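S.K.: As input, take work08.cif (mmCIF, C-alpha atoms):
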```cif
data_target
#
loop_
_atom_site.label_atom_id
_atom_site.label_comp_id
_atom_site.auth_asym_id
_atom_site.auth_seq_id
_atom_site.Cartn_x
_atom_site.Cartn_y
_atom_site.Cartn_z
CA MET A 1299 8.00 -49.83 41.65
CA ASP A 1300 8.29 -46.02 41.30
CA LYS A 1301 4.88 -44.34 40.79
CA ARG A 1302 6.25 -40.90 39.83
CA ARG A 1303 5.15 -39.59 36.45
CA SER A 1304 7.51 -38.05 33.96
CA LEU A 1305 6.89 -34.41 33.12
CA THR A 1306 8.54 -34.83 29.72
CA PRO A 1307 6.00 -34.95 26.89
CA PRO A 1308 6.07 -38.10 24.78
CA PRO A 1309 8.02 -37.90 21.49
CA SER A 1310 4.78 -38.32 19.54
CA LEU A 1311 3.58 -34.94 20.89
CA TYR A 1312 6.71 -33.23 19.51
CA SER A 1313 6.07 -34.83 16.13
CA ALA A 1314 2.44 -33.72 16.09
CA VAL A 1315 3.32 -30.13 17.05
CA GLY A 1316 6.06 -30.04 14.41
CA PHE A 1317 3.69 -31.35 11.78
CA LEU A 1318 0.99 -28.79 12.64
CA CYS A 1319 3.49 -25.89 12.62
CA GLY A 1320 4.78 -27.01 9.23
CA MET A 1321 1.25 -27.24 7.83
CA ALA A 1322 0.43 -23.76 9.13
CA LEU A 1323 3.47 -22.38 7.30
CA VAL A 1324 2.49 -24.13 4.07
CA ILE A 1325 -1.10 -22.90 4.26
CA SER A 1326 -0.07 -19.31 5.06
CA ALA A 1327 2.44 -19.27 2.19
CA ALA A 1328 -0.15 -20.63 -0.24
CA ALA A 1329 -2.82 -18.20 0.89
CA GLY A 1330 -0.60 -15.16 0.30
CA PRO A 1331 -0.60 -12.06 2.44
CA LEU A 1332 -3.63 -11.48 4.60
CA TRP A 1333 -3.07 -7.73 4.50
CA SER A 1334 -5.67 -5.76 2.61
CA LEU A 1335 -6.87 -2.22 2.23
CA VAL A 1336 -10.00 -0.89 3.89
CA GLY A 1337 -11.91 2.35 3.87
CA SER A 1338 -10.77 5.30 1.79
CA GLU A 1339 -7.54 3.61 0.70
CA ALA A 1340 -9.51 0.67 -0.69
CA GLU A 1341 -11.86 3.10 -2.43
CA LEU A 1342 -8.95 4.94 -4.07
CA MET A 1343 -7.30 1.74 -5.24
CA LYS A 1344 -10.60 0.36 -6.52
CA GLY A 1345 -11.29 3.60 -8.41
CA VAL A 1346 -7.86 3.69 -10.03
CA ASN A 1347 -8.03 0.00 -10.95
CA GLU A 1348 -11.49 0.54 -12.43
CA VAL A 1349 -10.09 3.30 -14.69
CA ARG A 1350 -7.28 0.94 -15.71
CA ARG A 1351 -9.72 -1.94 -16.34
CA GLU A 1352 -11.87 0.28 -18.58
CA ARG A 1353 -8.76 0.81 -20.72
CA HIS A 1354 -7.87 -2.90 -20.72
CA LEU A 1355 -4.89 -2.47 -18.41
CA LYS A 1356 -3.92 -4.89 -15.67
CA PRO A 1357 -4.96 -3.88 -12.16
CA LEU A 1358 -2.32 -2.73 -9.71
CA SER A 1359 -1.46 -5.04 -6.83
CA SER A 1360 -1.40 -3.57 -3.36
CA SER A 1361 1.89 -3.38 -1.47
CA PRO A 1362 1.83 -2.87 2.30
CA GLU A 1363 5.43 -1.63 2.16
CA LEU A 1364 4.61 1.05 -0.43
CA ALA A 1365 1.44 1.90 1.51
CA ARG A 1366 3.53 2.59 4.62
CA VAL A 1367 5.75 4.98 2.64
CA ALA A 1368 2.67 6.69 1.17
CA GLN A 1369 1.05 6.92 4.62
CA ALA A 1370 4.15 8.48 6.17
CA HIS A 1371 4.31 11.09 3.40
CA ALA A 1372 0.59 11.86 3.65
CA ARG A 1373 0.83 12.28 7.44
CA ASP A 1374 3.91 14.49 7.06
CA MET A 1375 2.12 16.73 4.53
CA ALA A 1376 -0.91 16.99 6.83
CA GLN A 1377 1.16 17.78 9.93
CA GLN A 1378 3.45 20.29 8.23
CA ASP A 1379 0.75 21.78 5.96
CA TYR A 1380 2.28 21.32 2.50
CA LEU A 1381 1.39 19.51 -0.72
CA SER A 1382 4.48 18.39 -2.64
CA HIS A 1383 6.27 15.32 -3.94
CA VAL A 1384 9.40 16.57 -2.15
CA ASN A 1385 9.21 16.84 1.62
CA PRO A 1386 10.83 19.66 3.65
CA LYS A 1387 13.92 17.44 4.14
CA GLY A 1388 14.36 17.34 0.35
CA GLU A 1389 13.33 13.68 -0.04
CA ASP A 1390 11.48 12.74 -3.22
CA PRO A 1391 9.41 9.54 -3.62
CA LEU A 1392 12.41 7.43 -4.66
CA ALA A 1393 14.45 8.61 -1.66
CA ARG A 1394 11.55 7.78 0.68
CA VAL A 1395 11.12 4.31 -0.85
CA ARG A 1396 14.86 3.60 -0.58
CA ALA A 1397 14.93 4.87 3.02
CA ALA A 1398 12.15 2.38 3.80
CA GLY A 1399 14.41 -0.43 2.57
CA ILE A 1400 12.21 -1.40 -0.36
CA GLU A 1401 14.31 -3.07 -3.02
CA GLY A 1402 13.75 -4.23 -6.59
CA VAL A 1403 11.89 -1.14 -7.81
CA LYS A 1404 12.55 -0.64 -11.53
CA LEU A 1405 10.12 2.23 -12.16
CA LEU A 1406 8.45 4.55 -9.63
CA ALA A 1407 6.01 7.44 -9.74
CA GLU A 1408 3.74 9.22 -7.28
CA ASN A 1409 0.43 11.01 -7.47
CA ILE A 1410 -0.67 13.30 -4.66
CA GLY A 1411 -3.96 15.10 -4.39
CA SER A 1412 -6.09 17.14 -2.05
CA SER A 1413 -9.79 17.80 -1.85
CA SER A 1414 -11.98 19.84 0.43
CA LYS A 1415 -15.11 19.46 -1.68
CA SER A 1416 -18.27 18.08 -0.20
CA GLY A 1417 -19.35 14.74 -1.58
CA ASP A 1418 -17.10 11.97 -2.79
CA ARG A 1419 -13.61 13.36 -2.26
CA ILE A 1420 -11.84 10.19 -3.45
CA ALA A 1421 -13.67 10.26 -6.79
CA SER A 1422 -12.88 13.97 -7.04
CA ILE A 1423 -9.16 13.33 -6.54
CA ILE A 1424 -9.16 10.56 -9.16
CA GLN A 1425 -10.94 12.87 -11.63
CA GLU A 1426 -8.35 15.59 -10.96
CA TRP A 1427 -5.57 13.10 -11.65
CA LEU A 1428 -7.20 12.05 -14.92
CA ALA A 1429 -7.50 15.70 -15.98
CA SER A 1430 -3.76 16.28 -15.42
CA PRO A 1431 -1.53 14.82 -18.16
CA VAL A 1432 1.32 13.81 -15.80
CA HIS A 1433 -0.98 12.28 -13.18
CA ARG A 1434 -3.07 10.57 -15.87
CA GLU A 1435 0.10 9.04 -17.32
CA ASN A 1436 0.88 7.49 -13.93
CA VAL A 1437 -2.63 6.07 -13.51
CA LEU A 1438 -2.63 4.59 -17.03
CA ASN A 1439 0.99 3.49 -17.38
CA PRO A 1440 0.86 -0.21 -18.34
CA ALA A 1441 4.36 -0.76 -16.94
CA PHE A 1442 3.20 -0.24 -13.35
CA ASN A 1443 2.10 -3.39 -11.53
CA THR A 1444 2.12 -2.43 -7.85
CA THR A 1445 0.82 0.43 -5.75
CA GLY A 1446 0.76 1.80 -2.24
CA VAL A 1447 -2.02 4.19 -1.26
CA ALA A 1448 -2.75 6.44 1.70
CA ILE A 1449 -5.56 8.79 2.64
CA VAL A 1450 -5.24 11.29 5.49
CA GLU A 1451 -7.71 13.83 6.79
CA THR A 1452 -6.10 17.13 7.78
CA ALA A 1453 -6.95 19.20 10.84
CA ASP A 1454 -8.67 21.78 8.61
CA GLY A 1455 -10.93 19.17 6.97
CA LYS A 1456 -9.08 18.38 3.72
CA THR A 1457 -8.58 14.90 2.35
CA LEU A 1458 -5.00 14.19 1.23
CA ALA A 1459 -4.22 11.26 -1.07
CA VAL A 1460 -0.87 9.75 -1.91
CA GLN A 1461 -0.50 6.92 -4.41
CA LEU A 1462 2.85 5.37 -5.26
CA TYR A 1463 3.09 3.40 -8.52
CA ALA A 1464 5.89 0.88 -8.98
CA THR A 1465 7.22 -1.76 -11.29
CA PHE A 1466 9.08 -4.61 -9.61
#
```
Can you dump the structure from the file as structure tokens?
M.R.:
Amino acid sequence: MDKRRSLTPPPSLYSAVGFLCGMALVISAAAGPLWSLVGSEAELMKGVNEVRRERHLKPLSSSPELARVAQAHARDMAQQDYLSHVNPKGEDPLARVRAAGIEGVKLLAENIGSSSKSGDRIASIIQEWLASPVHRENVLNPAFNTTGVAIVETADGKTLAVQLYATF
């Protein structure tokens, strides 16, 4: 009688591992994305959605893909010291979104803002947007359902905000 043990796991172990992997996929799909905003970005999104709620508009959903585009533009503006919807390469918000490979966008707009005031700079930027007809229209447009936000602090102490608004 051969007393050597097999190093091959029993078939029941493969079945159990397969079952557990499948359940993990089902649970993660049902739970939705685990990505969420924190800090100043969360504060900006909360503030804009509060303004929308007060006017009986649906809140904007957060998109990590749009947030990455917004973040890249905010960092670029901070590093190259400009404040514009069009970067030095001539790319506007739609060009930046397309370059990021984001598809299915039917409507797109962008608000940018800057504040060096003491106190609540995010609230200040939101108030400036609401005082500007074009920016206010973006905040309150009922067609928008998704957003990507970014906040960057510049070397000279300013707070830059970029918010993309999209309809998918």
S.K.: Starting from the displayed file, determine the output of the PyMOL selection byres ((chain A and resi 1397-1400) around 12) and express the residue list as a list in words.
M.R.: Ser1361, Pro1362, Glu1363, Leu1364, Ala1365, Arg1366, Val1367, Ala1368, Ala1370, His1371, Glu1389, Asp1390, Pro1391, Leu1392, Ala1393, Arg1394, Val1395, Arg1396, Glu1401, Gly1402, Val1403, Lys1404, Leu1406, Ala1464 and Phe1466 of chain A
S.K.: Measure the distance from CA of Lys1456 (chain A) to CA of Gly1337 (chain A) in Å and round it to one decimal.
M.R.: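 CA of Gly1337 (chain A) lies at a distance of 16.3 Å from CA of Lys1456 (chain A).
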S.K.: Go through A:Ala1421, A:Met1375, A:Leu1358, A:Ala1453 and flag the residue nearest Glu1341 (chain A), using only C-alpha atoms for the distances.
M.R.: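 With only C-alpha atoms as the atom set, the closest residue is A:Ala1421.
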S.K.: Which residues, named as in the file, does the PyMOL selection byres ((chain A and resi 1436) around 9) pick out? Answer as a PDB file with C-alpha atoms, in the frame of the given file.
M.R.:
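Everything below was put into part-v9.pdb:
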```
ATOM      1  CA  ALA A1407       6.010   7.440  -9.740  1.00  0.00           C
ATOM      2  CA  GLU A1408       3.740   9.220  -7.280  1.00  0.00           C
ATOM      3  CA  ASN A1409       0.430  11.010  -7.470  1.00  0.00           C
ATOM      4  CA  TRP A1427      -5.570  13.100 -11.650  1.00  0.00           C
ATOM      5  CA  PRO A1431      -1.530  14.820 -18.160  1.00  0.00           C
ATOM      6  CA  VAL A1432       1.320  13.810 -15.800  1.00  0.00           C
ATOM      7  CA  HIS A1433      -0.980  12.280 -13.180  1.00  0.00           C
ATOM      8  CA  ARG A1434      -3.070  10.570 -15.870  1.00  0.00           C
ATOM      9  CA  GLU A1435       0.100   9.040 -17.320  1.00  0.00           C
ATOM     10  CA  VAL A1437      -2.630   6.070 -13.510  1.00  0.00           C
ATOM     11  CA  LEU A1438      -2.630   4.590 -17.030  1.00  0.00           C
ATOM     12  CA  ASN A1439       0.990   3.490 -17.380  1.00  0.00           C
ATOM     13  CA  PRO A1440       0.860  -0.210 -18.340  1.00  0.00           C
ATOM     14  CA  PHE A1442       3.200  -0.240 -13.350  1.00  0.00           C
ATOM     15  CA  TYR A1463       3.090   3.400  -8.520  1.00  0.00           C
TER      16      TYR A1463
END
```
S.K.: Have a look at CA of Arg1353 (chain A) and CA of Leu1381 (chain A) and let me know their distance in Å, one decimal.
M.R.: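 Pair CA of Arg1353 (chain A) / CA of Leu1381 (chain A) returns 29.2 Å.
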S.K.: Applying the PyMOL selection byres ((chain A and resi 1448) around 6) to the file I just gave you, which residues come out? Please list them as a PyMOL selection string.
M.R.: chain A and resi 1339+1368-1369+1447+1449+1459-1460
S.K.: Could you check which of A:Ile1410, A:Glu1451, A:Lys1344, A:Arg1373 is closest to Ser1430 (chain A), using only C-alpha atoms?
M.R.: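 Ranked by minimum distance to Ser1430 (chain A), first place goes to A:Ile1410.
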S.K.: Find the distance between CA of Leu1342 (chain A) and CA of Val1450 (chain A) and write it in Å to one decimal.
M.R.: 12.1 Å
S.K.: Assuming the input is short of atoms at region 1439-1450 of chain A, produce all heavy atoms for that part as a short mmCIF file (atom, residue, chain, number, x, y, z; two decimals), in the frame of the given file.
M.R.:
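Writing the result to rebuild_0.cif gives the following:
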```cif
data_model
loop_
_atom_site.label_atom_id
_atom_site.label_comp_id
_atom_site.auth_asym_id
_atom_site.auth_seq_id
_atom_site.Cartn_x
_atom_site.Cartn_y
_atom_site.Cartn_z
N ASN A 1439 -0.25 4.08 -16.89
CA ASN A 1439 0.99 3.49 -17.38
C ASN A 1439 0.92 1.97 -17.25
O ASN A 1439 0.84 1.44 -16.15
CB ASN A 1439 2.18 4.04 -16.59
CG ASN A 1439 3.50 3.64 -17.19
OD1 ASN A 1439 3.65 2.58 -17.78
ND2 ASN A 1439 4.49 4.50 -17.01
N PRO A 1440 0.97 1.25 -18.40
CA PRO A 1440 0.86 -0.21 -18.34
C PRO A 1440 2.06 -0.88 -17.70
O PRO A 1440 1.99 -2.05 -17.31
CB PRO A 1440 0.72 -0.62 -19.80
CG PRO A 1440 1.28 0.51 -20.59
CD PRO A 1440 1.07 1.75 -19.77
N ALA A 1441 3.17 -0.17 -17.56
CA ALA A 1441 4.36 -0.76 -16.94
C ALA A 1441 4.20 -0.94 -15.43
O ALA A 1441 4.83 -1.82 -14.84
CB ALA A 1441 5.58 0.11 -17.23
N PHE A 1442 3.36 -0.13 -14.80
CA PHE A 1442 3.20 -0.24 -13.35
C PHE A 1442 2.38 -1.48 -13.01
O PHE A 1442 1.38 -1.77 -13.66
CB PHE A 1442 2.53 1.01 -12.77
CG PHE A 1442 3.41 2.23 -12.82
CD1 PHE A 1442 2.94 3.42 -13.34
CD2 PHE A 1442 4.72 2.19 -12.38
CE1 PHE A 1442 3.74 4.54 -13.40
CE2 PHE A 1442 5.53 3.31 -12.42
CZ PHE A 1442 5.05 4.48 -12.93
N ASN A 1443 2.82 -2.19 -11.95
CA ASN A 1443 2.10 -3.39 -11.53
C ASN A 1443 1.76 -3.40 -10.05
O ASN A 1443 1.04 -4.26 -9.58
CB ASN A 1443 2.90 -4.65 -11.90
CG ASN A 1443 4.30 -4.67 -11.33
OD1 ASN A 1443 4.59 -4.06 -10.31
ND2 ASN A 1443 5.19 -5.37 -12.01
N THR A 1444 2.28 -2.43 -9.30
CA THR A 1444 2.12 -2.43 -7.85
C THR A 1444 1.87 -1.00 -7.37
O THR A 1444 2.35 -0.05 -7.97
CB THR A 1444 3.39 -2.97 -7.17
OG1 THR A 1444 3.73 -4.23 -7.76
CG2 THR A 1444 3.20 -3.16 -5.68
N THR A 1445 1.12 -0.89 -6.28
CA THR A 1445 0.82 0.43 -5.75
C THR A 1445 0.79 0.40 -4.22
O THR A 1445 0.60 -0.64 -3.61
CB THR A 1445 -0.52 0.95 -6.30
OG1 THR A 1445 -0.69 2.32 -5.93
CG2 THR A 1445 -1.70 0.16 -5.77
N GLY A 1446 0.96 1.58 -3.67
CA GLY A 1446 0.76 1.80 -2.24
C GLY A 1446 -0.05 3.07 -2.10
O GLY A 1446 0.29 4.09 -2.71
N VAL A 1447 -1.14 3.02 -1.37
CA VAL A 1447 -2.02 4.19 -1.26
C VAL A 1447 -2.21 4.60 0.19
O VAL A 1447 -2.11 3.78 1.10
CB VAL A 1447 -3.41 3.94 -1.92
CG1 VAL A 1447 -3.26 3.66 -3.39
CG2 VAL A 1447 -4.14 2.81 -1.25
N ALA A 1448 -2.48 5.90 0.36
CA ALA A 1448 -2.75 6.44 1.70
C ALA A 1448 -3.72 7.60 1.58
O ALA A 1448 -3.64 8.40 0.64
CB ALA A 1448 -1.47 6.90 2.35
N ILE A 1449 -4.61 7.68 2.52
CA ILE A 1449 -5.56 8.79 2.64
C ILE A 1449 -5.45 9.33 4.06
O ILE A 1449 -5.48 8.56 5.02
CB ILE A 1449 -7.02 8.34 2.39
CG1 ILE A 1449 -7.17 7.67 1.03
CG2 ILE A 1449 -7.98 9.52 2.56
CD1 ILE A 1449 -6.97 8.58 -0.15
N VAL A 1450 -5.32 10.65 4.18
CA VAL A 1450 -5.24 11.29 5.49
C VAL A 1450 -6.17 12.49 5.50
O VAL A 1450 -6.25 13.23 4.52
CB VAL A 1450 -3.78 11.75 5.78
CG1 VAL A 1450 -3.71 12.61 7.02
CG2 VAL A 1450 -2.86 10.55 5.92
#
```
